[in-house]
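So this one's structure.pdb, PDB, C-alpha atoms:
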ATOM      1  CA  MET G1239      60.915  73.010  84.521
ATOM      2  CA  PHE G1240      58.211  70.347  84.589
ATOM      3  CA  GLN G1241      54.584  70.750  83.578
ATOM      4  CA  LEU G1242      51.643  71.163  85.946
ATOM      5  CA  ASP G1243      48.062  70.553  84.883
ATOM      6  CA  LYS G1244      45.486  73.315  84.949
ATOM      7  CA  GLN G1245      43.268  72.876  87.981
ATOM      8  CA  PRO G1246      39.682  71.614  87.500
ATOM      9  CA  LYS G1247      36.954  74.249  87.391
ATOM     10  CA  LYS G1248      35.695  73.042  90.768
ATOM     11  CA  VAL G1249      39.053  73.853  92.403
ATOM     12  CA  GLU G1250      39.152  77.291  90.729
ATOM     13  CA  GLU G1251      35.671  78.032  92.044
ATOM     14  CA  GLU G1252      36.673  76.947  95.553
ATOM     15  CA  TYR G1253      39.784  79.106  95.297
ATOM     16  CA  ILE G1254      37.682  82.192  94.526
ATOM     17  CA  LYS G1255      35.253  81.324  97.292
ATOM     18  CA  ARG G1256      38.100  81.089  99.805
ATOM     19  CA  PHE G1257      39.965  84.260  98.901
ATOM     20  CA  LEU G1258      37.697  86.759  97.135
ATOM     21  CA  PRO G1259      35.469  87.961 100.032
ATOM     22  CA  LYS G1260      38.348  88.860 102.382
ATOM     23  CA  LEU G1261      40.384  90.360  99.548
ATOM     24  CA  GLU G1262      37.429  92.621  98.718
ATOM     25  CA  GLU G1263      37.206  93.626 102.344
ATOM     26  CA  ARG G1264      40.902  94.554 102.493
ATOM     27  CA  ILE G1265      40.602  96.580  99.291
ATOM     28  CA  LYS G1266      37.649  98.513 100.694
ATOM     29  CA  ASN G1267      38.845  98.980 104.272
ATOM     30  CA  GLY G1268      42.587  98.434 104.223
ATOM     31  CA  SER G1269      44.840  96.008 106.096
ATOM     32  CA  LYS G1270      47.072  96.604 109.125
ATOM     33  CA  GLY G1271      46.578 100.352 108.816
ATOM     34  CA  ILE G1272      47.465 100.365 105.089
ATOM     35  CA  LYS G1273      44.736 101.693 102.789
ATOM     36  CA  LEU G1274      44.265 102.254  99.080
ATOM     37  CA  ASN G1275      42.995 105.568  97.776
ATOM     38  CA  CYS G1276      39.657 105.814  95.989
ATOM     39  CA  ARG G1277      41.226 105.704  92.548
ATOM     40  CA  GLN G1278      43.157 102.542  93.318
ATOM     41  CA  LYS G1279      40.097 100.874  94.793
ATOM     42  CA  SER G1280      38.069 101.703  91.687
ATOM     43  CA  VAL G1281      40.716 100.196  89.403
ATOM     44  CA  LEU G1282      40.742  96.891  91.280
ATOM     45  CA  LEU G1283      37.095  96.758  92.276
ATOM     46  CA  PRO G1284      34.844  98.940  90.090
ATOM     47  CA  ASN G1285      31.684 100.120  91.869
ATOM     48  CA  TRP G1286      33.287  99.235  95.199
ATOM     49  CA  ARG G1287      30.946 101.593  97.068
ATOM     50  CA  THR G1288      27.845  99.667  95.960
ATOM     51  CA  ASP G1289      26.333  96.450  97.288
ATOM     52  CA  LYS G1290      27.323  94.663  94.079
ATOM     53  CA  PRO G1291      30.851  95.703  93.070
ATOM     54  CA  ASP G1292      32.379  94.407  89.843
ATOM     55  CA  GLU G1293      34.494  91.403  90.910
ATOM     56  CA  SER G1294      35.656  90.402  87.427
ATOM     57  CA  ILE G1295      39.147  91.906  87.723
ATOM     58  CA  LEU G1296      39.847  90.279  91.087
ATOM     59  CA  LYS G1297      38.594  86.927  89.831
ATOM     60  CA  LYS G1298      40.974  87.118  86.868
ATOM     61  CA  LEU G1299      43.848  87.954  89.200
ATOM     62  CA  LEU G1300      42.985  84.935  91.349
ATOM     63  CA  ILE G1301      42.516  82.238  88.697
ATOM     64  CA  GLY G1302      43.739  83.707  85.403
ATOM     65  CA  GLN G1303      46.382  81.941  83.338
ATOM     66  CA  PRO G1304      49.993  83.218  83.481
ATOM     67  CA  LYS G1305      49.973  85.451  80.397
ATOM     68  CA  GLU G1306      46.521  86.760  81.228
ATOM     69  CA  ILE G1307      47.436  87.798  84.771
ATOM     70  CA  LYS G1308      50.767  89.294  83.667
ATOM     71  CA  ASP G1309      49.008  91.470  81.074
ATOM     72  CA  LEU G1310      46.292  92.384  83.566
ATOM     73  CA  ASN G1311      48.911  93.297  86.169
ATOM     74  CA  ASP G1312      50.649  95.637  83.718
ATOM     75  CA  GLN G1313      47.341  97.256  82.767
ATOM     76  CA  ILE G1314      46.288  97.807  86.389
ATOM     77  CA  MET G1315      49.650  99.206  87.441
ATOM     78  CA  SER G1316      49.595 101.594  84.484
ATOM     79  CA  GLU G1317      46.177 102.874  85.566
ATOM     80  CA  MET G1318      47.260 103.245  89.198
ATOM     81  CA  GLU G1319      50.578 104.965  88.625
ATOM     82  CA  GLY G1320      49.724 108.629  88.394
ATOM     83  CA  ARG G1321      52.167 111.428  87.714
ATOM     84  CA  PHE G1322      53.145 111.794  91.361
ATOM     85  CA  THR G1323      52.867 108.139  92.400
ATOM     86  CA  ASN G1324      55.801 106.643  94.264
ATOM     87  CA  GLN G1325      56.053 103.174  92.694
ATOM     88  CA  ILE G1326      57.873 101.572  95.636
ATOM     89  CA  LYS G1327      55.253 102.820  98.088
ATOM     90  CA  LEU G1328      52.447 101.651  95.801
ATOM     91  CA  LEU G1329      53.950  98.148  95.486
ATOM     92  CA  ASN G1330      54.375  97.946  99.261
ATOM     93  CA  ARG G1331      50.790  99.091  99.807
ATOM     94  CA  LEU G1332      49.441  96.448  97.417
ATOM     95  CA  LEU G1333      51.616  93.809  99.067
ATOM     96  CA  HIS G1334      49.892  94.549 102.394
ATOM     97  CA  ILE G1335      46.418  94.555 100.829
ATOM     98  CA  PHE G1336      46.831  91.212  99.058
ATOM     99  CA  ASP G1337      48.717  89.960 102.142
ATOM    100  CA  TYR G1338      50.076  86.577 101.030
ATOM    101  CA  GLU G1339      51.779  86.005 104.392
ATOM    102  CA  ARG G1340      48.531  86.126 106.341
ATOM    103  CA  VAL G1341      46.521  84.219 103.752
ATOM    104  CA  PHE G1342      49.034  81.395 103.196
ATOM    105  CA  ASP G1343      52.033  81.401 105.517
ATOM    106  CA  ASN G1344      49.945  82.093 108.623
ATOM    107  CA  SER G1345      47.037  79.891 107.587
ATOM    108  CA  LYS G1346      48.027  76.238 107.428
ATOM    109  CA  SER G1347      44.519  75.149 106.515
ATOM    110  CA  THR G1348      44.710  77.180 103.299
ATOM    111  CA  SER G1349      48.245  76.241 102.275
ATOM    112  CA  TYR G1350      47.700  72.536 102.993
ATOM    113  CA  TRP G1351      44.402  72.587 101.121
ATOM    114  CA  LEU G1352      46.081  73.944  97.984
ATOM    115  CA  ALA G1353      49.089  71.624  98.262
ATOM    116  CA  ARG G1354      46.790  68.614  98.419
ATOM    117  CA  LYS G1355      44.723  69.822  95.466
ATOM    118  CA  ILE G1356      47.805  70.231  93.257
ATOM    119  CA  GLY G1357      48.959  66.847  94.512
ATOM    120  CA  ARG G1358      52.486  66.453  93.149
ATOM    121  CA  ASN G1359      55.081  64.466  95.074
ATOM    122  CA  THR G1360      58.303  66.147  93.941
ATOM    123  CA  CYS G1361      59.626  69.647  93.298
ATOM    124  CA  THR G1362      58.199  71.107  90.080
ATOM    125  CA  TYR G1363      61.494  72.764  89.211
ATOM    126  CA  CYS G1364      64.116  70.107  89.884
ATOM    127  CA  ASN G1365      62.282  66.758  90.287
ATOM    128  CA  ARG G1366      65.051  65.805  92.744
ATOM    129  CA  ILE G1367      63.338  66.043  96.121
ATOM    130  CA  TYR G1368      60.093  64.677  97.554
ATOM    131  CA  THR G1369      57.694  67.446  98.559
ATOM    132  CA  PHE G1370      54.897  65.360 100.061
ATOM    133  CA  THR G1371      51.962  67.021 101.745
ATOM    134  CA  VAL G1372      51.915  65.137 105.042
ATOM    135  CA  VAL G1373      49.033  65.243 107.508
ATOM    136  CA  ARG G1374      48.177  63.150 110.519
ATOM    137  CA  GLY G1375      44.577  61.966 110.771
ATOM    138  CA  LYS G1376      42.287  64.383 108.936
ATOM    139  CA  GLY G1377      44.710  67.291 109.174
ATOM    140  CA  LYS G1378      42.219  69.533 110.917
ATOM    141  CA  ASN G1379      44.640  71.428 113.147
ATOM    142  CA  ASP G1380      48.251  72.584 113.181
ATOM    143  CA  ARG G1381      49.422  69.562 115.162
ATOM    144  CA  GLU G1382      48.082  67.275 112.439
ATOM    145  CA  ARG G1383      49.660  69.272 109.588
ATOM    146  CA  ILE G1384      53.208  67.969 109.314
ATOM    147  CA  ALA G1385      54.800  69.068 106.028
ATOM    148  CA  ARG G1386      54.006  70.506 102.616
ATOM    149  CA  PRO G1387      55.843  71.925  99.589
ATOM    150  CA  THR G1388      56.768  75.593  99.609
ATOM    151  CA  PHE G1389      54.961  77.827  97.112
ATOM    152  CA  ASP G1390      57.229  79.787  94.828
ATOM    153  CA  HIS G1391      55.921  82.997  93.279
ATOM    154  CA  TRP G1392      56.959  82.580  89.644
ATOM    155  CA  PHE G1393      56.330  86.298  89.240
ATOM    156  CA  PRO G1394      57.986  87.596  92.474
ATOM    157  CA  LYS G1395      55.429  89.036  94.870
ATOM    158  CA  ASP G1396      57.619  92.037  95.746
ATOM    159  CA  LYS G1397      57.561  93.151  92.118
ATOM    160  CA  TYR G1398      54.090  91.774  91.315
ATOM    161  CA  PRO G1399      52.041  92.054  94.543
ATOM    162  CA  LEU G1400      48.818  91.903  92.511
ATOM    163  CA  LEU G1401      49.789  88.332  91.561
ATOM    164  CA  SER G1402      50.813  87.240  95.055
ATOM    165  CA  LEU G1403      47.562  85.280  95.516
ATOM    166  CA  SER G1404      47.196  84.108  91.912
ATOM    167  CA  LEU G1405      46.592  80.359  91.767
ATOM    168  CA  TYR G1406      48.758  79.864  88.682
ATOM    169  CA  ASN G1407      51.585  81.936  90.113
ATOM    170  CA  LEU G1408      52.058  79.613  93.094
ATOM    171  CA  ILE G1409      54.394  76.769  92.120
ATOM    172  CA  PRO G1410      54.868  73.851  94.563
ATOM    173  CA  SER G1411      58.591  73.434  95.016
ATOM    174  CA  CYS G1412      61.362  72.427  97.388
ATOM    175  CA  PRO G1413      63.032  74.981  99.698
ATOM    176  CA  ILE G1414      66.305  74.696  97.763
ATOM    177  CA  CYS G1415      64.782  75.777  94.447
ATOM    178  CA  ASN G1416      62.435  78.321  96.009
ATOM    179  CA  SER G1417      64.766  80.089  98.425
ATOM    180  CA  SER G1418      68.384  78.983  98.095
ATOM    181  CA  VAL G1419      68.596  79.092  94.294
ATOM    182  CA  LYS G1420      65.808  81.175  92.747
ATOM    183  CA  GLY G1421      65.064  83.672  95.497
ATOM    184  CA  ASN G1422      63.547  86.780  93.897
ATOM    185  CA  THR G1423      64.963  86.148  90.427
ATOM    186  CA  TYR G1424      62.796  87.860  87.823
ATOM    187  CA  PHE G1425      61.374  85.477  85.228
ATOM    188  CA  SER G1426      59.669  86.435  81.975
ATOM    189  CA  LEU G1427      57.340  84.265  79.915
ATOM    190  CA  GLU G1428      59.418  85.023  76.836
ATOM    191  CA  LYS G1429      62.665  83.613  78.239
ATOM    192  CA  TYR G1430      61.764  80.990  80.851
ATOM    193  CA  ILE G1431      59.626  77.876  81.190
ATOM    194  CA  HIS G1432      56.455  78.418  83.221
ATOM    195  CA  PRO G1433      55.031  75.156  84.670
ATOM    196  CA  TYR G1434      51.463  76.132  83.774
ATOM    197  CA  VAL G1435      52.242  77.216  80.206
ATOM    198  CA  LYS G1436      52.153  74.290  77.803
ATOM    199  CA  GLU G1437      55.190  74.413  75.543
ATOM    200  CA  GLN G1438      55.072  72.550  72.229
ATOM    201  CA  GLY G1439      57.272  69.470  72.375
ATOM    202  CA  HIS G1440      58.133  70.053  76.046
ATOM    203  CA  PRO G1441      60.339  68.991  77.695
ATOM    204  CA  LYS G1442      63.066  69.938  75.233
ATOM    205  CA  PHE G1443      65.989  68.791  77.314
ATOM    206  CA  GLU G1444      67.604  65.421  77.887
ATOM    207  CA  PHE G1445      69.896  63.827  80.444
ATOM    208  CA  ILE G1446      72.910  61.980  79.056
ATOM    209  CA  PRO G1447      75.636  60.124  81.010
ATOM    210  CA  ASP G1448      79.209  61.317  80.909
ATOM    211  CA  LYS G1449      82.523  60.657  82.668
ATOM    212  CA  THR G1450      84.755  63.174  84.377
ATOM    213  CA  THR G1451      88.271  63.697  83.051
ATOM    214  CA  GLU G1452      89.947  63.007  86.391
ATOM    215  CA  VAL G1453      92.737  60.427  86.900
ATOM    216  CA  HIS G1454      90.075  58.054  88.178
ATOM    217  CA  PRO G1455      87.058  58.960  86.026
ATOM    218  CA  LYS G1456      83.645  59.052  87.653
ATOM    219  CA  TRP G1457      80.207  59.006  86.133
ATOM    220  CA  THR G1458      78.297  62.256  85.943
ATOM    221  CA  VAL G1459      75.336  63.507  83.927
ATOM    222  CA  GLN G1460      74.795  66.363  81.500
ATOM    223  CA  ILE G1461      71.550  68.129  80.650
ATOM    224  CA  LYS G1462      71.456  68.476  76.886
ATOM    225  CA  ARG G1463      69.416  71.414  75.517
ATOM    226  CA  ALA G1464      69.581  74.180  72.933
ATOM    227  CA  GLU G1465      71.795  77.057  74.038
ATOM    228  CA  GLY G1466      69.845  80.245  74.711
ATOM    229  CA  SER G1467      66.500  78.411  74.752
ATOM    230  CA  LYS G1468      63.850  78.761  77.469
ATOM    231  CA  GLU G1469      65.013  75.415  78.799
ATOM    232  CA  ASP G1470      68.616  76.605  78.899
ATOM    233  CA  ASN G1471      67.692  79.810  80.745
ATOM    234  CA  THR G1472      65.552  77.946  83.269
ATOM    235  CA  ILE G1473      68.116  75.212  83.909
ATOM    236  CA  LYS G1474      70.771  77.857  84.560
ATOM    237  CA  ALA G1475      68.456  79.874  86.830
ATOM    238  CA  PHE G1476      67.933  76.855  89.087
ATOM    239  CA  ALA G1477      71.565  75.696  88.843
ATOM    240  CA  LEU G1478      70.336  72.288  87.714
ATOM    241  CA  ASP G1479      73.616  71.435  85.972
ATOM    242  CA  ASP G1480      75.363  71.700  89.342
ATOM    243  CA  MET G1481      72.559  70.028  91.258
ATOM    244  CA  TYR G1482      72.371  67.008  88.962
ATOM    245  CA  HIS G1483      76.154  66.723  88.847
ATOM    246  CA  MET G1484      75.905  65.591  92.480
ATOM    247  CA  HIS G1485      73.857  62.572  91.389
ATOM    248  CA  GLY G1486      76.677  61.273  89.177
ATOM    249  CA  PRO G1487      78.378  59.142  91.875
ATOM    250  CA  LEU G1488      74.964  57.937  93.078
ATOM    251  CA  GLU G1489      71.998  57.094  90.832
ATOM    252  CA  VAL G1490      73.875  57.612  87.553
ATOM    253  CA  THR G1491      76.689  55.308  88.615
ATOM    254  CA  ASP G1492      74.195  52.688  89.801
ATOM    255  CA  ILE G1493      72.498  52.568  86.413
ATOM    256  CA  MET G1494      75.744  52.613  84.427
ATOM    257  CA  ASN G1495      77.266  49.844  86.584
ATOM    258  CA  PHE G1496      74.100  47.802  86.138
ATOM    259  CA  LYS G1497      74.489  48.116  82.379
ATOM    260  CA  GLU G1498      78.238  47.437  82.287
ATOM    261  CA  CYS G1499      78.050  44.305  84.454
ATOM    262  CA  TYR G1500      75.622  42.403  82.257
ATOM    263  CA  PRO G1501      75.284  41.516  78.562
ATOM    264  CA  ASP G1502      73.426  43.978  76.334
ATOM    265  CA  ASN G1503      70.148  42.080  76.254
ATOM    266  CA  TYR G1504      70.216  40.941  79.879
ATOM    267  CA  LEU G1505      68.106  43.761  81.309
ATOM    268  CA  LYS G1506      65.488  43.477  78.576
ATOM    269  CA  THR G1507      65.367  39.739  79.216
ATOM    270  CA  LEU G1508      65.108  40.331  82.961
ATOM    271  CA  VAL G1509      62.224  42.769  82.503
ATOM    272  CA  THR G1510      60.377  40.272  80.307
ATOM    273  CA  LYS G1511      60.998  37.431  82.768
ATOM    274  CA  VAL G1512      59.781  39.381  85.794
ATOM    275  CA  LEU G1513      56.719  40.498  83.819
ATOM    276  CA  ASN G1514      55.886  36.948  82.720
ATOM    277  CA  ASP G1515      56.577  35.415  86.142
ATOM    278  CA  SER G1516      54.108  37.817  87.750
ATOM    279  CA  ASN G1517      51.242  36.109  85.895
ATOM    280  CA  GLY G1518      49.618  39.406  85.051
ATOM    281  CA  LYS G1519      50.013  40.939  88.518
ATOM    282  CA  LEU G1520      52.645  43.427  87.352
ATOM    283  CA  THR G1521      52.618  45.926  84.484
ATOM    284  CA  ILE G1522      55.676  47.030  82.536
ATOM    285  CA  GLN G1523      55.603  50.217  84.630
ATOM    286  CA  ASP G1524      55.630  48.147  87.828
ATOM    287  CA  VAL G1525      58.701  46.244  86.687
ATOM    288  CA  TYR G1526      60.697  49.373  85.911
ATOM    289  CA  SER G1527      59.619  50.882  89.224
ATOM    290  CA  ILE G1528      60.942  47.819  91.030
ATOM    291  CA  LEU G1529      64.220  47.700  89.123
ATOM    292  CA  PHE G1530      65.031  51.398  88.794
ATOM    293  CA  GLY G1531      62.611  53.358  90.977
ATOM    294  CA  THR G1532      61.432  55.421  88.025
ATOM    295  CA  ASP G1533      58.253  56.191  86.118
ATOM    296  CA  LEU G1534      58.133  55.578  82.380
ATOM    297  CA  ASN G1535      55.141  57.869  81.783
ATOM    298  CA  PRO G1536      56.238  61.498  81.194
ATOM    299  CA  ASP G1537      52.932  62.670  82.681
ATOM    300  CA  HIS G1538      54.042  61.159  85.995
ATOM    301  CA  TYR G1539      57.571  62.562  86.190
ATOM    302  CA  LEU G1540      56.662  64.565  89.288
ATOM    303  CA  ASP G1541      55.432  61.475  91.138
ATOM    304  CA  ARG G1542      58.957  60.181  91.802
ATOM    305  CA  PRO G1543      62.302  61.964  92.256
ATOM    306  CA  LEU G1544      64.718  61.869  89.292
ATOM    307  CA  SER G1545      62.144  60.170  87.039
ATOM    308  CA  LYS G1546      63.119  61.983  83.856
ATOM    309  CA  MET G1547      66.834  61.595  84.454
ATOM    310  CA  LYS G1548      66.521  57.857  85.012
ATOM    311  CA  ARG G1549      64.185  57.401  82.069
ATOM    312  CA  ASP G1550      66.552  59.328  79.779
ATOM    313  CA  LEU G1551      69.514  57.221  80.917
ATOM    314  CA  LEU G1552      67.602  53.988  80.285
ATOM    315  CA  LYS G1553      66.644  55.301  76.859
ATOM    316  CA  TYR G1554      70.250  56.323  76.140
ATOM    317  CA  LEU G1555      71.436  52.824  77.059
ATOM    318  CA  LYS G1556      68.653  51.327  74.893
ATOM    319  CA  ILE G1557      67.299  49.427  77.856
ATOM    320  CA  ILE G1558      63.939  50.936  77.019
ATOM    321  CA  GLU G1559      62.689  52.046  73.613
ATOM    322  CA  VAL G1560      60.888  55.372  73.377
ATOM    323  CA  HIS G1561      59.407  56.535  70.096
TER
END

Please, can you express the file's structure as structure tokens?
Amino acid sequence: MFQLDKQPKKVEEEYIKRFLPKLEERIKNGSKGIKLNCRQKSVLLPNWRTDKPDESILKKLLIGQPKEIKDLNDQIMSEMEGRFTNQIKLLNRLLHIFDYERVFDNSKSTSYWLARKIGRNTCTYCNRIYTFTVVRGKGKNDRERIARPTFDHWFPKDKYPLLSLSLYNLIPSCPICNSSVKGNTYFSLEKYIHPYVKEQGHPKFEFIPDKTTEVHPKWTVQIKRAEGSKEDNTIKAFALDDMYHMHGPLEVTDIMNFKECYPDNYLKTLVTKVLNDSNGKLTIQDVYSILFGTDLNPDHYLDRPLSKMKRDLLKYLKIIEVH
């Protein structure tokens, strides 16, 4: 749901350096007793029998952008699927060759390296939960590697095994969004928001406060968006309406009570006073972080949980002005 920045060229080069040599080896020689036939090897790695095989296709699969790797996947699968090819067996064979489990799940050094390079603090999909990458000391062994975000395959690896190691198909997320909600749901670029695809005017959704219609009304929050839009499809896929509803009695109520207990201009006056009293030690961002635990800069939404929701509520209440 939220945007991730394209990785620097240096990180992409390191990614290829880490994964390409062993991937080539598995394509040539197989993995765990699973082997590709000569035709399949030639599609993925032209001139694979020579000392200098053509690595261009594998490099694109590893660091290509979402649309590029999706199109490349479709092209490769079309070339591999002969008249008598069993598609399920082919997908399973490719899943073993690319072997995400061994490369990432069984290699903490690799998964922690990537998590730290992406460097976001909260779930890319929901922005509700901290997903810190936590290491003790220099994080050189498993005992020093404490926690990291899970990596969701935006294009599911069971259906797209060729993309199971693709850098821009691995989305740092919380276990709830990755496993409990999304699972193996099939996403398409035409209908859903991809974190690495820049959408014009994104994000095109907004949080607004609302009250339940119970005997004793309680504050809740709605996610306003265009029906049938990419945002709408993605919000529904991750059950974000239901997830954010749970924050109504908590953070939403806190902000609404804050507003209702003081005169209209009180909070603006308070912000100005705290800013002036700091004698230049605090920025406007610092003040809002202290008062509301939120980030005013949309580029930093993923640094703190619930940043967009809180910012939208403050905007709705005209506590902050956003142009």

Problem - Residue among G:Leu1555, G:Ala1385, G:Ile1493, G:Leu1544 lying closest to Leu1529 of chain G, counting all atoms listed in the file - result: G:Ile1493

Selection in question (the file shown): the PyMOL selection byres ((chain G and resi 1436) around 12). Which residues does it include, as a PDB file with C-alpha atoms, in the coordinates of the input?
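Full text of out-v3.pdb as output:
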ATOM      1  CA  MET G1239      60.915  73.010  84.521  1.00  0.00           C
ATOM      2  CA  PHE G1240      58.211  70.347  84.589  1.00  0.00           C
ATOM      3  CA  GLN G1241      54.584  70.750  83.578  1.00  0.00           C
ATOM      4  CA  LEU G1242      51.643  71.163  85.946  1.00  0.00           C
ATOM      5  CA  ASP G1243      48.062  70.553  84.883  1.00  0.00           C
ATOM      6  CA  LYS G1244      45.486  73.315  84.949  1.00  0.00           C
ATOM      7  CA  GLN G1303      46.382  81.941  83.338  1.00  0.00           C
ATOM      8  CA  PRO G1304      49.993  83.218  83.481  1.00  0.00           C
ATOM      9  CA  LYS G1305      49.973  85.451  80.397  1.00  0.00           C
ATOM     10  CA  LEU G1427      57.340  84.265  79.915  1.00  0.00           C
ATOM     11  CA  ILE G1431      59.626  77.876  81.190  1.00  0.00           C
ATOM     12  CA  HIS G1432      56.455  78.418  83.221  1.00  0.00           C
ATOM     13  CA  PRO G1433      55.031  75.156  84.670  1.00  0.00           C
ATOM     14  CA  TYR G1434      51.463  76.132  83.774  1.00  0.00           C
ATOM     15  CA  VAL G1435      52.242  77.216  80.206  1.00  0.00           C
ATOM     16  CA  GLU G1437      55.190  74.413  75.543  1.00  0.00           C
ATOM     17  CA  GLN G1438      55.072  72.550  72.229  1.00  0.00           C
ATOM     18  CA  GLY G1439      57.272  69.470  72.375  1.00  0.00           C
ATOM     19  CA  HIS G1440      58.133  70.053  76.046  1.00  0.00           C
ATOM     20  CA  PRO G1441      60.339  68.991  77.695  1.00  0.00           C
TER      21      PRO G1441
END

Exercise for the section: Evaluate the PyMOL selection byres ((chain G and resi 1387-1400) around 7) here and jot the selected residues down as a list in words. Expected result: Asn1311, Leu1329, Leu1332, Leu1333, Phe1336, Ala1353, Thr1369, Phe1370, Thr1371, Arg1386, Leu1401, Ser1402, Asn1407, Leu1408, Ile1409, Pro1410, Ser1411, Cys1412, Pro1413, Asn1416, Asn1422, Tyr1424 and Phe1425 of chain G

Exercise for the section: Tell me, in Å to one decimal, how far atom CA of Ile1265 of chain G is from atom CA of Leu1283 of chain G. Expected result: 7.8 Å

Handout entry: Residues near segment 1485-1487 of chain G, cut-off 10 Å, only C-alpha atoms, skip fewer than 2 positions along chain, as a PyMOL selection string
Key = chain G and resi 1366+1447-1450+1456-1460+1480-1483+1489-1492+1494+1544+1547

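Distance-wise, atom CA of Asn1267 of chain G and atom CA of Lys1248 of chain G end up 29.4 Å apart.
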
Exercise for the section: Counting all atoms listed in the file, select every polymer residue within 9 Å of (67.4, 60.3, 83.0) as defined in the file's coordinates, and provide the selection as a ChimeraX atom specification. Expected result: /G:1444-1447,1459,1490,1544-1554

Complete the atom set of segment 1404-1423 of chain G to N, CA and C atoms and return it as an mmCIF file, in the frame of the given file.
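This went into selection.cif:
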data_model
loop_
_atom_site.group_PDB
_atom_site.id
_atom_site.type_symbol
_atom_site.label_atom_id
_atom_site.label_comp_id
_atom_site.auth_asym_id
_atom_site.auth_seq_id
_atom_site.Cartn_x
_atom_site.Cartn_y
_atom_site.Cartn_z
ATOM 1 N N SER G 1404 47.663 84.751 93.145
ATOM 2 C CA SER G 1404 47.196 84.108 91.912
ATOM 3 C C SER G 1404 47.488 82.607 91.944
ATOM 4 N N LEU G 1405 46.466 81.815 91.717
ATOM 5 C CA LEU G 1405 46.592 80.359 91.767
ATOM 6 C C LEU G 1405 47.710 79.857 90.878
ATOM 7 N N TYR G 1406 47.785 80.376 89.645
ATOM 8 C CA TYR G 1406 48.758 79.864 88.682
ATOM 9 C C TYR G 1406 50.095 80.605 88.752
ATOM 10 N N ASN G 1407 50.280 81.359 89.835
ATOM 11 C CA ASN G 1407 51.585 81.936 90.113
ATOM 12 C C ASN G 1407 52.237 81.274 91.315
ATOM 13 N N LEU G 1408 51.556 80.307 91.905
ATOM 14 C CA LEU G 1408 52.058 79.613 93.094
ATOM 15 C C LEU G 1408 52.515 78.214 92.687
ATOM 16 N N ILE G 1409 53.817 78.014 92.636
ATOM 17 C CA ILE G 1409 54.394 76.769 92.120
ATOM 18 C C ILE G 1409 54.924 75.923 93.278
ATOM 19 N N PRO G 1410 54.361 74.713 93.491
ATOM 20 C CA PRO G 1410 54.868 73.851 94.563
ATOM 21 C C PRO G 1410 56.306 73.433 94.284
ATOM 22 N N SER G 1411 57.171 73.675 95.246
ATOM 23 C CA SER G 1411 58.591 73.434 95.016
ATOM 24 C C SER G 1411 59.298 73.091 96.317
ATOM 25 N N CYS G 1412 60.560 72.724 96.200
ATOM 26 C CA CYS G 1412 61.362 72.427 97.388
ATOM 27 C C CYS G 1412 62.006 73.712 97.894
ATOM 28 N N PRO G 1413 62.404 73.771 99.156
ATOM 29 C CA PRO G 1413 63.032 74.981 99.698
ATOM 30 C C PRO G 1413 64.318 75.375 98.977
ATOM 31 N N ILE G 1414 65.050 74.386 98.451
ATOM 32 C CA ILE G 1414 66.305 74.696 97.763
ATOM 33 C C ILE G 1414 66.032 75.514 96.503
ATOM 34 N N CYS G 1415 65.099 75.049 95.677
ATOM 35 C CA CYS G 1415 64.782 75.777 94.447
ATOM 36 C C CYS G 1415 64.105 77.110 94.747
ATOM 37 N N ASN G 1416 63.216 77.120 95.716
ATOM 38 C CA ASN G 1416 62.435 78.321 96.009
ATOM 39 C C ASN G 1416 63.279 79.414 96.636
ATOM 40 N N SER G 1417 64.054 79.072 97.649
ATOM 41 C CA SER G 1417 64.766 80.089 98.425
ATOM 42 C C SER G 1417 66.264 80.142 98.136
ATOM 43 N N SER G 1418 66.923 78.990 98.208
ATOM 44 C CA SER G 1418 68.384 78.983 98.095
ATOM 45 C C SER G 1418 68.863 79.339 96.695
ATOM 46 N N VAL G 1419 68.130 78.897 95.669
ATOM 47 C CA VAL G 1419 68.596 79.092 94.294
ATOM 48 C C VAL G 1419 67.879 80.252 93.609
ATOM 49 N N LYS G 1420 66.556 80.166 93.512
ATOM 50 C CA LYS G 1420 65.808 81.175 92.747
ATOM 51 C C LYS G 1420 65.683 82.493 93.481
ATOM 52 N N GLY G 1421 65.258 82.436 94.751
ATOM 53 C CA GLY G 1421 65.064 83.672 95.497
ATOM 54 C C GLY G 1421 64.061 84.567 94.804
ATOM 55 N N ASN G 1422 64.424 85.821 94.572
ATOM 56 C CA ASN G 1422 63.547 86.780 93.897
ATOM 57 C C ASN G 1422 63.934 87.015 92.440
ATOM 58 N N THR G 1423 64.573 86.020 91.831
ATOM 59 C CA THR G 1423 64.963 86.148 90.427
ATOM 60 C C THR G 1423 63.750 86.484 89.561
#
